>>> print(open('coords-v3.cif').read())   # mmCIF, C-alpha atoms
data_start
loop_
_atom_site.label_atom_id
_atom_site.label_comp_id
_atom_site.auth_asym_id
_atom_site.auth_seq_id
_atom_site.Cartn_x
_atom_site.Cartn_y
_atom_site.Cartn_z
CA MET A 1 0.00 0.00 0.00
CA LYS A 2 1.27 3.48 -0.89
CA THR A 3 1.98 5.91 1.89
CA LEU A 4 -0.10 9.08 2.04
CA GLN A 5 2.98 11.12 1.24
CA GLU A 6 3.72 9.03 -1.88
CA LEU A 7 0.11 9.29 -3.04
CA TYR A 8 -0.01 13.03 -2.46
CA LYS A 9 3.20 13.62 -4.43
CA GLU A 10 1.99 11.37 -7.27
CA ILE A 11 -1.35 13.16 -7.60
CA MET A 12 0.23 16.60 -7.53
CA GLU A 13 2.70 15.59 -10.25
CA GLN A 14 -0.14 14.24 -12.41
CA GLU A 15 -2.08 17.49 -12.07
CA LEU A 16 0.94 19.59 -13.01
CA LYS A 17 1.59 17.42 -16.08
CA SER A 18 -2.06 17.42 -17.18
CA GLY A 19 -1.87 21.04 -18.32
CA ARG A 20 -5.61 21.38 -17.91
CA GLU A 21 -6.83 24.91 -18.49
CA LEU A 22 -9.23 26.53 -16.08
CA SER A 23 -11.16 29.64 -17.11
CA GLU A 24 -9.57 33.01 -16.41
CA GLN A 25 -11.37 33.48 -13.10
CA TYR A 26 -8.94 30.87 -11.73
CA ASP A 27 -5.92 32.67 -13.20
CA ASN A 28 -5.19 29.59 -15.33
CA TYR A 29 -3.53 28.10 -12.28
CA PRO A 30 -5.13 24.76 -11.43
CA MET A 31 -2.96 24.07 -8.39
CA ASP A 32 -4.43 26.96 -6.42
CA CYS A 33 -7.95 25.75 -7.15
CA LEU A 34 -7.00 22.23 -6.13
CA LEU A 35 -5.24 23.17 -2.91
CA HIS A 36 -7.59 25.97 -1.83
CA PRO A 37 -11.03 24.81 -3.04
CA LYS A 38 -12.95 26.96 -0.55
CA ASP A 39 -11.81 30.07 -2.41
CA TYR A 40 -13.72 28.96 -5.50
CA ALA A 41 -17.21 27.94 -6.56
CA PRO A 42 -18.21 24.30 -5.93
CA VAL A 43 -18.55 23.96 -9.73
CA ILE A 44 -15.60 24.95 -11.91
CA SER A 45 -15.26 25.54 -15.66
CA VAL A 46 -12.57 23.67 -17.58
CA GLY A 47 -11.66 24.70 -21.13
CA ASN A 48 -13.28 26.85 -23.80
CA CYS A 49 -17.02 26.61 -24.48
CA ASP A 50 -17.18 28.24 -27.92
CA SER A 51 -18.61 25.12 -29.54
CA CYS A 52 -21.64 25.19 -27.25
CA GLY A 53 -23.04 28.20 -29.15
CA THR A 54 -25.12 30.97 -27.66
CA ASP A 55 -27.80 28.67 -26.26
CA SER A 56 -25.87 27.49 -23.23
CA ALA A 57 -27.58 24.64 -21.41
CA CYS A 58 -25.73 25.44 -18.19
CA GLN A 59 -26.99 29.03 -18.13
CA ASN A 60 -30.53 28.04 -19.07
CA ASN A 61 -30.77 25.49 -16.29
CA CYS A 62 -29.16 27.46 -13.43
CA ILE A 63 -31.99 28.80 -11.30
CA PHE A 64 -29.55 30.82 -9.18
CA ASP A 65 -28.23 32.85 -12.14
CA ALA A 66 -24.69 31.92 -11.13
CA ILE A 67 -23.32 31.41 -14.65
CA GLU A 68 -22.17 34.02 -17.14
CA LYS A 69 -20.73 33.38 -20.59
CA ILE A 70 -18.25 35.90 -21.99
CA ASP A 71 -16.25 35.42 -25.20
CA GLY A 72 -16.88 31.71 -25.24
CA LYS A 73 -15.85 31.13 -21.64
CA ILE A 74 -18.00 30.25 -18.67
CA TYR A 75 -17.67 32.24 -15.46
CA ILE A 76 -19.26 30.92 -12.27
CA ASP A 77 -20.04 33.25 -9.39
CA PRO A 78 -18.77 31.60 -6.18
CA GLN A 79 -21.31 33.56 -4.13
CA LYS A 80 -24.33 32.45 -6.16
CA CYS A 81 -23.37 28.88 -7.07
CA THR A 82 -24.89 26.32 -4.68
CA GLY A 83 -23.16 23.36 -6.30
CA CYS A 84 -26.44 21.60 -7.06
CA GLY A 85 -24.76 19.97 -10.07
CA VAL A 86 -27.52 20.63 -12.60
CA CYS A 87 -25.13 22.53 -14.89
CA VAL A 88 -22.62 19.68 -14.77
CA ASP A 89 -25.35 17.21 -15.78
CA VAL A 90 -26.56 19.25 -18.76
CA CYS A 91 -23.13 20.26 -20.10
CA LYS A 92 -22.70 18.14 -23.22
CA MET A 93 -19.12 19.35 -23.68
CA GLY A 94 -17.89 18.01 -20.36
CA HIS A 95 -16.39 21.41 -19.51
CA LEU A 96 -17.93 21.70 -16.06
CA MET A 97 -16.88 19.64 -13.05
CA GLU A 98 -17.06 19.63 -9.28
CA ASN A 99 -14.37 21.36 -7.28
CA ARG A 100 -12.42 18.48 -5.76
CA GLU A 101 -11.18 18.68 -2.18
CA ILE A 102 -9.27 15.41 -2.03
CA TYR A 103 -5.91 17.19 -2.28
CA PRO A 104 -6.10 19.30 0.90
CA VAL A 105 -7.57 16.29 2.71
CA LEU A 106 -4.56 14.23 1.65
CA GLU A 107 -2.24 17.01 2.79
CA THR A 108 -3.99 17.10 6.18
CA LEU A 109 -3.82 13.33 6.62
CA CYS A 110 -0.09 13.47 5.94
CA ASP A 111 0.25 15.48 9.15
CA HIS A 112 0.02 12.67 11.70
CA GLU A 113 -0.32 15.17 14.55
CA LYS A 114 -3.85 16.01 13.38
CA GLN A 115 -6.96 14.07 14.35
CA VAL A 116 -9.10 13.80 11.23
CA TYR A 117 -12.65 12.44 11.42
CA ALA A 118 -14.72 11.12 8.51
CA LEU A 119 -18.37 12.20 8.81
CA ILE A 120 -20.31 10.01 6.43
CA ALA A 121 -23.77 10.88 5.07
CA PRO A 122 -26.78 8.58 5.64
CA ALA A 123 -26.79 7.76 1.90
CA PHE A 124 -23.55 5.74 2.22
CA THR A 125 -25.23 2.32 2.41
CA GLY A 126 -24.09 0.16 -0.51
CA GLN A 127 -22.15 2.98 -2.21
CA PHE A 128 -18.79 1.24 -1.78
CA GLY A 129 -20.08 -2.30 -2.34
CA GLU A 130 -22.93 -4.23 -0.71
CA LYS A 131 -20.46 -5.93 1.65
CA ALA A 132 -18.98 -2.58 2.71
CA THR A 133 -20.80 -2.48 6.03
CA PRO A 134 -20.54 0.53 8.35
CA GLY A 135 -18.01 -1.37 10.43
CA ARG A 136 -15.82 -2.21 7.41
CA LEU A 137 -16.00 1.35 6.14
CA ARG A 138 -14.85 2.55 9.56
CA SER A 139 -11.88 0.20 9.27
CA ALA A 140 -11.14 1.54 5.76
CA PHE A 141 -11.06 5.15 6.93
CA LYS A 142 -8.84 4.28 9.87
CA LYS A 143 -6.50 2.41 7.53
CA ILE A 144 -6.14 5.56 5.44
CA GLY A 145 -5.30 7.63 8.49
CA PHE A 146 -8.58 8.98 9.82
CA GLN A 147 -9.04 8.97 13.58
CA GLY A 148 -12.50 7.51 13.17
CA MET A 149 -15.76 7.49 11.21
CA VAL A 150 -18.94 9.13 12.44
CA GLU A 151 -22.36 8.33 10.96
CA VAL A 152 -24.15 11.60 10.32
CA ALA A 153 -27.41 9.65 10.72
CA ALA A 154 -26.90 9.95 14.48
CA PHE A 155 -27.08 13.72 14.11
CA ALA A 156 -30.06 13.40 11.78
CA ASP A 157 -31.64 11.77 14.83
CA ILE A 158 -30.89 14.85 16.91
CA LEU A 159 -32.23 17.20 14.22
CA THR A 160 -35.36 15.03 13.93
CA LEU A 161 -35.96 15.59 17.61
CA LYS A 162 -35.47 19.32 17.22
CA GLU A 163 -37.80 19.54 14.21
CA ALA A 164 -40.47 17.48 16.00
CA LEU A 165 -40.26 19.80 19.00
CA GLU A 166 -40.55 22.82 16.70
CA PHE A 167 -43.59 21.29 14.98
CA ASP A 168 -45.28 20.63 18.31
CA ARG A 169 -44.58 24.19 19.43
CA HIS A 170 -45.55 26.13 16.28
CA VAL A 171 -48.13 24.10 14.34
CA LYS A 172 -51.17 24.57 16.56
CA GLU A 173 -54.11 24.82 14.16
CA GLU A 174 -55.18 24.27 10.58
CA GLY A 175 -53.26 26.60 8.27
CA ASP A 176 -50.06 26.54 10.31
CA PHE A 177 -47.14 24.86 8.54
CA GLN A 178 -43.42 24.15 8.72
CA LEU A 179 -40.77 23.85 6.01
CA THR A 180 -38.14 21.38 7.10
CA SER A 181 -34.68 22.90 7.33
CA CYS A 182 -32.85 19.58 7.36
CA CYS A 183 -30.67 17.95 4.73
CA CYS A 184 -30.84 19.80 1.43
CA PRO A 185 -28.79 23.01 1.10
CA VAL A 186 -30.26 23.74 -2.35
CA TRP A 187 -33.81 23.69 -0.94
CA ILE A 188 -32.78 26.12 1.78
CA ALA A 189 -30.89 28.31 -0.70
CA MET A 190 -34.03 28.54 -2.87
CA ILE A 191 -36.10 29.72 0.08
CA ARG A 192 -33.51 32.22 1.26
CA SER A 193 -32.77 33.59 -2.22
CA PHE A 194 -36.21 33.73 -3.83
CA TYR A 195 -38.94 33.11 -1.28
CA HIS A 196 -38.06 35.33 1.68
CA ASP A 197 -41.69 35.46 2.85
CA LEU A 198 -41.51 31.76 3.77
CA ALA A 199 -38.26 31.95 5.76
CA GLY A 200 -40.21 32.42 8.99
CA HIS A 201 -41.68 28.94 8.55
CA VAL A 202 -38.22 27.32 8.48
CA PRO A 203 -37.05 26.29 11.96
CA GLY A 204 -33.61 27.64 12.71
CA ALA A 205 -31.90 24.26 12.65
CA VAL A 206 -28.58 23.46 11.03
CA SER A 207 -28.31 20.44 8.75
CA PRO A 208 -27.16 17.06 10.14
CA MET A 209 -23.77 17.65 8.47
CA ILE A 210 -23.24 20.90 10.36
CA ALA A 211 -24.57 19.40 13.60
CA ALA A 212 -22.12 16.51 13.29
CA GLY A 213 -19.18 18.81 12.61
CA ARG A 214 -19.98 21.15 15.47
CA VAL A 215 -20.51 18.38 17.99
CA VAL A 216 -17.31 16.57 17.00
CA LYS A 217 -15.37 19.83 17.35
CA LYS A 218 -16.99 20.61 20.71
CA LEU A 219 -16.03 17.19 22.06
CA HIS A 220 -12.61 17.20 20.31
CA PRO A 221 -11.61 20.88 19.84
CA GLU A 222 -8.56 20.09 17.69
CA ALA A 223 -10.45 17.78 15.31
CA VAL A 224 -10.41 18.19 11.53
CA THR A 225 -13.81 17.24 10.09
CA VAL A 226 -14.31 15.79 6.60
CA PHE A 227 -17.89 15.28 5.40
CA ILE A 228 -18.39 12.49 2.85
CA GLY A 229 -21.54 12.20 0.74
CA PRO A 230 -23.17 12.17 -2.70
CA CYS A 231 -23.85 15.91 -2.77
CA MET A 232 -21.80 18.65 -4.43
CA ALA A 233 -23.89 21.38 -2.76
CA LYS A 234 -22.48 20.41 0.62
CA LYS A 235 -19.18 21.94 -0.51
CA LYS A 236 -20.89 25.34 -0.68
CA GLU A 237 -22.90 24.83 2.50
CA ALA A 238 -19.70 24.13 4.44
CA THR A 239 -18.38 27.61 3.53
CA GLU A 240 -21.46 29.68 4.51
CA PRO A 241 -20.23 32.30 6.99
CA ASP A 242 -22.55 31.50 9.91
CA ILE A 243 -21.78 27.77 9.84
CA ALA A 244 -18.25 27.64 8.38
CA ASP A 245 -16.90 26.57 11.79
CA ALA A 246 -18.25 23.02 11.48
CA ILE A 247 -16.79 21.25 8.42
CA ASP A 248 -13.23 21.64 7.19
CA TYR A 249 -13.52 19.66 3.94
CA VAL A 250 -16.16 17.92 1.85
CA LEU A 251 -15.49 14.83 -0.26
CA THR A 252 -18.02 13.24 -2.57
CA PHE A 253 -18.53 9.49 -2.71
CA GLN A 254 -16.72 9.52 -6.05
CA GLU A 255 -13.68 11.29 -4.58
CA THR A 256 -13.67 8.84 -1.68
CA LYS A 257 -13.89 5.85 -4.01
CA ASP A 258 -10.93 7.24 -5.98
CA PHE A 259 -9.09 7.66 -2.67
CA PHE A 260 -9.69 4.03 -1.68
CA GLU A 261 -8.61 2.76 -5.10
CA ALA A 262 -5.43 4.88 -5.10
CA MET A 263 -4.52 3.45 -1.68
CA ASN A 264 -5.42 -0.12 -2.82
CA ILE A 265 -8.05 -0.42 -0.11
CA ASN A 266 -11.25 -2.39 -0.63
CA PRO A 267 -13.61 -1.80 2.32
CA GLU A 268 -15.45 -5.05 1.57
CA ASP A 269 -12.34 -7.04 2.51
CA LEU A 270 -11.66 -5.41 5.88
CA GLU A 271 -12.56 -6.40 9.42
CA GLU A 272 -15.66 -5.10 11.20
CA ASP A 273 -15.42 -2.12 13.55
CA GLU A 274 -19.11 -1.82 14.26
CA ARG A 275 -20.83 0.71 16.51
CA GLU A 276 -24.53 1.49 16.40
CA HIS A 277 -25.50 5.07 17.22
CA SER A 278 -28.45 5.95 14.96
CA SER A 279 -32.14 5.06 14.90
CA LYS A 280 -34.26 4.24 11.87
CA ALA A 281 -35.38 7.89 11.80
CA GLY A 282 -31.89 9.21 11.13
CA ARG A 283 -30.93 6.46 8.69
CA ILE A 284 -33.82 7.06 6.27
CA TYR A 285 -32.97 10.76 5.80
CA ALA A 286 -31.09 9.70 2.69
CA ARG A 287 -34.19 9.18 0.55
CA THR A 288 -37.25 11.24 -0.34
CA SER A 289 -39.87 11.40 2.45
CA GLY A 290 -37.37 10.08 4.99
CA VAL A 291 -37.22 13.37 6.91
CA SER A 292 -41.01 13.64 6.91
CA GLU A 293 -41.47 10.08 8.16
CA ALA A 294 -38.87 10.58 10.87
CA VAL A 295 -40.47 13.80 12.13
CA ARG A 296 -43.98 12.34 11.97
CA ALA A 297 -43.06 9.26 14.02
CA THR A 298 -41.14 11.32 16.56
CA THR A 299 -43.91 13.92 16.91
CA GLU A 300 -46.47 11.18 17.55
CA GLN A 301 -44.29 9.80 20.34
CA LEU A 302 -43.51 13.23 21.73
CA ALA A 303 -47.08 14.56 21.75
CA PRO A 304 -49.54 11.68 21.25
CA GLU A 305 -52.52 13.86 22.21
CA LYS A 306 -51.70 16.58 19.68
CA LYS A 307 -54.75 17.20 17.47
CA ILE A 308 -52.86 18.54 14.49
CA LYS A 309 -50.85 15.65 13.05
CA VAL A 310 -47.95 15.89 10.62
CA LYS A 311 -49.35 15.99 7.10
CA ALA A 312 -46.27 15.89 4.91
CA ARG A 313 -45.79 16.85 1.29
CA GLN A 314 -42.53 16.31 -0.59
CA ALA A 315 -40.86 17.59 -3.73
CA ASP A 316 -38.14 15.87 -5.77
CA GLY A 317 -35.82 17.85 -8.02
CA VAL A 318 -35.23 21.61 -8.31
CA LYS A 319 -38.22 22.19 -10.61
CA ALA A 320 -40.56 20.26 -8.32
CA CYS A 321 -39.25 22.20 -5.31
CA LYS A 322 -40.13 25.48 -7.02
CA GLU A 323 -43.58 24.18 -7.92
CA LEU A 324 -44.24 23.05 -4.34
CA ILE A 325 -43.20 26.42 -2.91
CA GLU A 326 -45.47 28.24 -5.34
CA LYS A 327 -48.37 26.00 -4.32
CA ILE A 328 -47.69 26.83 -0.68
CA GLN A 329 -47.71 30.55 -1.47
CA LYS A 330 -51.02 30.22 -3.33
CA GLY A 331 -52.61 28.09 -0.62
CA GLU A 332 -53.07 25.20 -3.04
CA THR A 333 -51.85 22.43 -0.71
CA ASP A 334 -53.33 20.94 2.44
CA GLY A 335 -49.99 19.89 3.91
CA ASN A 336 -48.42 21.30 7.06
CA PHE A 337 -44.89 19.88 6.79
CA PHE A 338 -42.97 20.40 3.56
CA GLU A 339 -39.79 18.60 2.55
CA GLY A 340 -37.78 19.59 -0.51
CA MET A 341 -34.95 17.62 -2.08
CA ALA A 342 -33.04 19.05 -5.05
CA CYS A 343 -32.07 15.55 -6.23
CA SER A 344 -34.61 13.12 -7.60
CA GLY A 345 -35.09 10.37 -5.04
CA GLY A 346 -33.38 12.37 -2.30
CA CYS A 347 -29.71 12.14 -1.39
CA VAL A 348 -29.48 8.63 -2.85
CA GLY A 349 -30.03 10.33 -6.22
CA GLY A 350 -27.23 12.83 -5.63
CA PRO A 351 -24.90 13.76 -8.50
CA LYS A 352 -21.98 11.85 -6.98
CA ALA A 353 -23.84 8.75 -5.81
CA LEU A 354 -22.13 5.58 -7.03
CA ILE A 355 -25.17 3.33 -7.42
CA GLU A 356 -28.62 3.74 -8.96
CA LYS A 357 -31.02 5.70 -6.76
CA GLU A 358 -33.59 2.89 -6.58
CA LYS A 359 -30.92 0.50 -5.33
CA GLY A 360 -29.70 3.16 -2.94
CA LYS A 361 -33.21 3.66 -1.58
CA GLU A 362 -33.65 -0.09 -1.14
CA LEU A 363 -30.41 -0.39 0.83
CA VAL A 364 -31.13 2.70 2.94
CA ASN A 365 -34.56 1.27 3.85
CA ALA A 366 -33.00 -2.08 4.75
CA TYR A 367 -30.41 -0.37 6.96
CA GLY A 368 -33.20 1.59 8.61
CA GLU A 369 -35.10 -1.60 9.38
CA LYS A 370 -31.99 -3.08 11.03
CA ALA A 371 -31.82 -0.24 13.56
CA SER A 372 -32.43 -1.21 17.17
CA TYR A 373 -34.45 1.98 17.72
CA GLN A 374 -37.19 3.60 15.66
CA THR A 375 -36.86 7.24 16.72
CA PRO A 376 -34.41 9.50 18.56
CA LEU A 377 -36.65 9.40 21.63
CA GLU A 378 -35.86 5.68 21.91
CA ASN A 379 -32.18 6.07 21.12
CA PRO A 380 -30.08 6.10 24.31
CA TYR A 381 -27.04 7.39 22.44
CA VAL A 382 -28.92 10.58 21.48
CA LEU A 383 -29.93 11.20 25.08
CA GLU A 384 -26.39 10.47 26.26
CA LEU A 385 -24.97 12.85 23.66
CA LEU A 386 -27.36 15.64 24.69
CA GLU A 387 -26.22 15.18 28.27
CA ARG A 388 -22.57 15.36 27.20
CA LEU A 389 -23.39 18.61 25.42
CA GLY A 390 -24.78 20.01 28.66
CA PHE A 391 -28.56 19.80 28.17
CA LEU A 392 -30.64 18.88 31.22
CA ASP A 393 -33.67 17.54 29.33
CA ILE A 394 -35.49 17.76 26.00
CA MET A 395 -37.03 21.17 26.68
CA ASP A 396 -33.65 22.53 27.71
CA PHE A 397 -32.37 21.25 24.38
CA LEU A 398 -35.16 23.02 22.45
CA ASN A 399 -34.69 26.32 24.23
CA HIS A 400 -30.91 26.52 24.39
CA SER A 401 -29.47 24.44 21.54
CA ASP A 402 -27.47 27.28 19.95
CA LEU A 403 -24.93 24.72 18.76
CA LEU A 404 -27.57 23.35 16.39
CA THR A 405 -29.26 26.62 15.47
CA ARG A 406 -28.90 29.16 12.67
CA ASP A 407 -30.82 32.26 11.61
CA PHE A 408 -32.65 32.19 8.27
CA SER A 409 -34.30 35.59 8.64
CA GLY A 410 -31.58 37.53 6.84
CA GLY A 411 -32.12 35.97 3.40
CA ALA A 412 -29.37 34.36 1.38
CA ALA A 413 -25.93 34.02 2.94
#
>>> encode(input="coords-v3.cif", output="structure tokens")
Amino acid sequence: MKTLQELYKEIMEQELKSGRELSEQYDNYPMDCLLHPKDYAPVISVGNCDSCGTDSACQNNCIFDAIEKIDGKIYIDPQKCTGCGVCVDVCKMGHLMENREIYPVLETLCDHEKQVYALIAPAFTGQFGEKATPGRLRSAFKKIGFQGMVEVAAFADILTLKEALEFDRHVKEEGDFQLTSCCCPVWIAMIRSFYHDLAGHVPGAVSPMIAAGRVVKKLHPEAVTVFIGPCMAKKKEATEPDIADAIDYVLTFQETKDFFEAMNINPEDLEEDEREHSSKAGRIYARTSGVSEAVRATTEQLAPEKKIKVKARQADGVKACKELIEKIQKGETDGNFFEGMACSGGCVGGPKALIEKEKGKELVNAYGEKASYQTPLENPYVLELLERLGFLDIMDFLNHSDLLTRDFSGGAA
């Protein structure tokens, strides 16, 4: 097996020899973009786009107006780009790609004084092979040099509890409603950028990724946190000013697979290092309606006498998210809990997922069914973690959980 130092040197040499041209906004200097990805948009332009003509698919499909074409070259505004990946999908020239963060992660892992934690998204099930169990994946990350692997599903549990408490507190009668703030940064960006009037219906909760990063850093102040998932938009979310303290780097599943292959590591062949910390509620966040189901089940346990029950409506894909929001504004839906996912099928349909979304959904559901606990209220690890964070009880958590709270009232970040 190659050492991290050997791998890092090899990759850097390959990049220097590749001579790939980035558009002028990157000063034609790929190494800076590779080593300092947070200074750039989560989507980058590679090469000249003259042959695409004036009807640019990337511009036409970007709802955030983040793309400008000048003299045949594409310029992407780092402030506007959410990294949803739609432009990458529609670019027939192959001149758009995600901003890769594997290089600074490698550099960090080479420093053996640093404690680096892998925070893996709930959509991971089956992505690295059906035999790549959570325990074997944990062994794989440790073999690379990570201190440990944390399942973000455990923090989805905690956010489920927070959202259920918010629903119980604020949805009191017919006509009241809540837009879930969990999971999808593109959904939240849409609301903050274009639908400010609805921001008051979004509970001020961070995403499970941010919750995981903040908690790990609170318990281990010197930790370096690396989120791993199928979503390019998480790269942008990790840099938003009010939550940039949580996640140091974001790798996609594809980057992580490349990492394993470069190190000659096959997670399916490794020993088990199994630890169960999440309930079914947190595990099913990875697919459409998972958040809604988790909050509904938890709310019913939390307030069984509550007259207004969770009546969820979901949207899949950016277009469907816009349509759902417009229906809410026009009063054309009878739901009271709205979940939006920018990717069809939810996170399992993310742009950097490694398996088909239907297979991903099947495996996520199966992993959910294996959980020893159904909701965070049943999960002793969640209650233990809240105690370690200094909360006296559930209501104390609701009223004082600044660690897991953000403010959506100011519009787009």
>>> residues_near_point(input="coords-v3.cif", point="(-42.2, 20.8, 1.4)", cutoff="8 Å", atoms="only C-alpha atoms", output="list in words")
Leu179, Thr180, Ala312, Arg313, Gln314, Ala315, Cys321, Leu324, Ile325, Phe337, Phe338, Glu339 and Gly340 of chain A
>>> atom_distance(input="coords-v3.cif", atom1="atom CA of Val206 of chain A", atom2="atom CA of Asp407 of chain A")
9.1 Å
>>> atom_distance(input="coords-v3.cif", atom1="atom CA of Ile120 of chain A", atom2="atom CA of Ser278 of chain A")
12.5 Å
>>> resolve_selection(input="coords-v3.cif", expression="the PyMOL selection byres ((chain A and resi 195) around 12)", output="count of residues only")
28
>>> atom_distance(input="coords-v3.cif", atom1="atom CA of Lys38 of chain A", atom2="atom CA of Lys80 of chain A")
13.8 Å
>>> resolve_selection(input="coords-v3.cif", expression="the PyMOL selection byres ((chain A and resi 45) around 6)", output="ChimeraX atom specification")
/A:23,44,46,95-96
>>> decode(input="coords-v3.cif", residues="segment 269-330 of chain A", atoms="C-alpha atoms", output="PDB file, in the first residue's frame")
ATOM      1  CA  ASP A 269     -12.338  -7.037   2.507  1.00  0.00           C
ATOM      2  CA  LEU A 270     -11.660  -5.411   5.881  1.00  0.00           C
ATOM      3  CA  GLU A 271     -12.562  -6.400   9.419  1.00  0.00           C
ATOM      4  CA  GLU A 272     -15.655  -5.105  11.199  1.00  0.00           C
ATOM      5  CA  ASP A 273     -15.422  -2.125  13.546  1.00  0.00           C
ATOM      6  CA  GLU A 274     -19.106  -1.816  14.261  1.00  0.00           C
ATOM      7  CA  ARG A 275     -20.832   0.710  16.507  1.00  0.00           C
ATOM      8  CA  GLU A 276     -24.526   1.489  16.395  1.00  0.00           C
ATOM      9  CA  HIS A 277     -25.495   5.067  17.220  1.00  0.00           C
ATOM     10  CA  SER A 278     -28.448   5.947  14.960  1.00  0.00           C
ATOM     11  CA  SER A 279     -32.141   5.059  14.902  1.00  0.00           C
ATOM     12  CA  LYS A 280     -34.260   4.238  11.871  1.00  0.00           C
ATOM     13  CA  ALA A 281     -35.382   7.886  11.800  1.00  0.00           C
ATOM     14  CA  GLY A 282     -31.886   9.209  11.127  1.00  0.00           C
ATOM     15  CA  ARG A 283     -30.930   6.464   8.687  1.00  0.00           C
ATOM     16  CA  ILE A 284     -33.821   7.060   6.270  1.00  0.00           C
ATOM     17  CA  TYR A 285     -32.975  10.763   5.796  1.00  0.00           C
ATOM     18  CA  ALA A 286     -31.092   9.698   2.688  1.00  0.00           C
ATOM     19  CA  ARG A 287     -34.185   9.179   0.550  1.00  0.00           C
ATOM     20  CA  THR A 288     -37.248  11.237  -0.338  1.00  0.00           C
ATOM     21  CA  SER A 289     -39.874  11.398   2.446  1.00  0.00           C
ATOM     22  CA  GLY A 290     -37.373  10.082   4.994  1.00  0.00           C
ATOM     23  CA  VAL A 291     -37.221  13.370   6.912  1.00  0.00           C
ATOM     24  CA  SER A 292     -41.012  13.640   6.906  1.00  0.00           C
ATOM     25  CA  GLU A 293     -41.474  10.083   8.158  1.00  0.00           C
ATOM     26  CA  ALA A 294     -38.875  10.579  10.870  1.00  0.00           C
ATOM     27  CA  VAL A 295     -40.471  13.801  12.134  1.00  0.00           C
ATOM     28  CA  ARG A 296     -43.984  12.345  11.968  1.00  0.00           C
ATOM     29  CA  ALA A 297     -43.059   9.265  14.018  1.00  0.00           C
ATOM     30  CA  THR A 298     -41.136  11.321  16.559  1.00  0.00           C
ATOM     31  CA  THR A 299     -43.908  13.921  16.909  1.00  0.00           C
ATOM     32  CA  GLU A 300     -46.466  11.179  17.552  1.00  0.00           C
ATOM     33  CA  GLN A 301     -44.286   9.796  20.343  1.00  0.00           C
ATOM     34  CA  LEU A 302     -43.505  13.227  21.726  1.00  0.00           C
ATOM     35  CA  ALA A 303     -47.084  14.555  21.753  1.00  0.00           C
ATOM     36  CA  PRO A 304     -49.541  11.678  21.252  1.00  0.00           C
ATOM     37  CA  GLU A 305     -52.516  13.861  22.212  1.00  0.00           C
ATOM     38  CA  LYS A 306     -51.701  16.583  19.683  1.00  0.00           C
ATOM     39  CA  LYS A 307     -54.746  17.201  17.475  1.00  0.00           C
ATOM     40  CA  ILE A 308     -52.858  18.540  14.487  1.00  0.00           C
ATOM     41  CA  LYS A 309     -50.853  15.647  13.055  1.00  0.00           C
ATOM     42  CA  VAL A 310     -47.949  15.885  10.622  1.00  0.00           C
ATOM     43  CA  LYS A 311     -49.353  15.993   7.104  1.00  0.00           C
ATOM     44  CA  ALA A 312     -46.274  15.895   4.908  1.00  0.00           C
ATOM     45  CA  ARG A 313     -45.794  16.850   1.291  1.00  0.00           C
ATOM     46  CA  GLN A 314     -42.532  16.310  -0.587  1.00  0.00           C
ATOM     47  CA  ALA A 315     -40.859  17.588  -3.729  1.00  0.00           C
ATOM     48  CA  ASP A 316     -38.141  15.871  -5.771  1.00  0.00           C
ATOM     49  CA  GLY A 317     -35.822  17.848  -8.016  1.00  0.00           C
ATOM     50  CA  VAL A 318     -35.230  21.605  -8.306  1.00  0.00           C
ATOM     51  CA  LYS A 319     -38.216  22.188 -10.614  1.00  0.00           C
ATOM     52  CA  ALA A 320     -40.556  20.263  -8.324  1.00  0.00           C
ATOM     53  CA  CYS A 321     -39.251  22.197  -5.309  1.00  0.00           C
ATOM     54  CA  LYS A 322     -40.126  25.484  -7.019  1.00  0.00           C
ATOM     55  CA  GLU A 323     -43.576  24.181  -7.917  1.00  0.00           C
ATOM     56  CA  LEU A 324     -44.236  23.052  -4.340  1.00  0.00           C
ATOM     57  CA  ILE A 325     -43.196  26.416  -2.905  1.00  0.00           C
ATOM     58  CA  GLU A 326     -45.466  28.241  -5.343  1.00  0.00           C
ATOM     59  CA  LYS A 327     -48.369  25.999  -4.321  1.00  0.00           C
ATOM     60  CA  ILE A 328     -47.686  26.830  -0.676  1.00  0.00           C
ATOM     61  CA  GLN A 329     -47.715  30.551  -1.471  1.00  0.00           C
ATOM     62  CA  LYS A 330     -51.018  30.224  -3.334  1.00  0.00           C
TER      63      LYS A 330
END
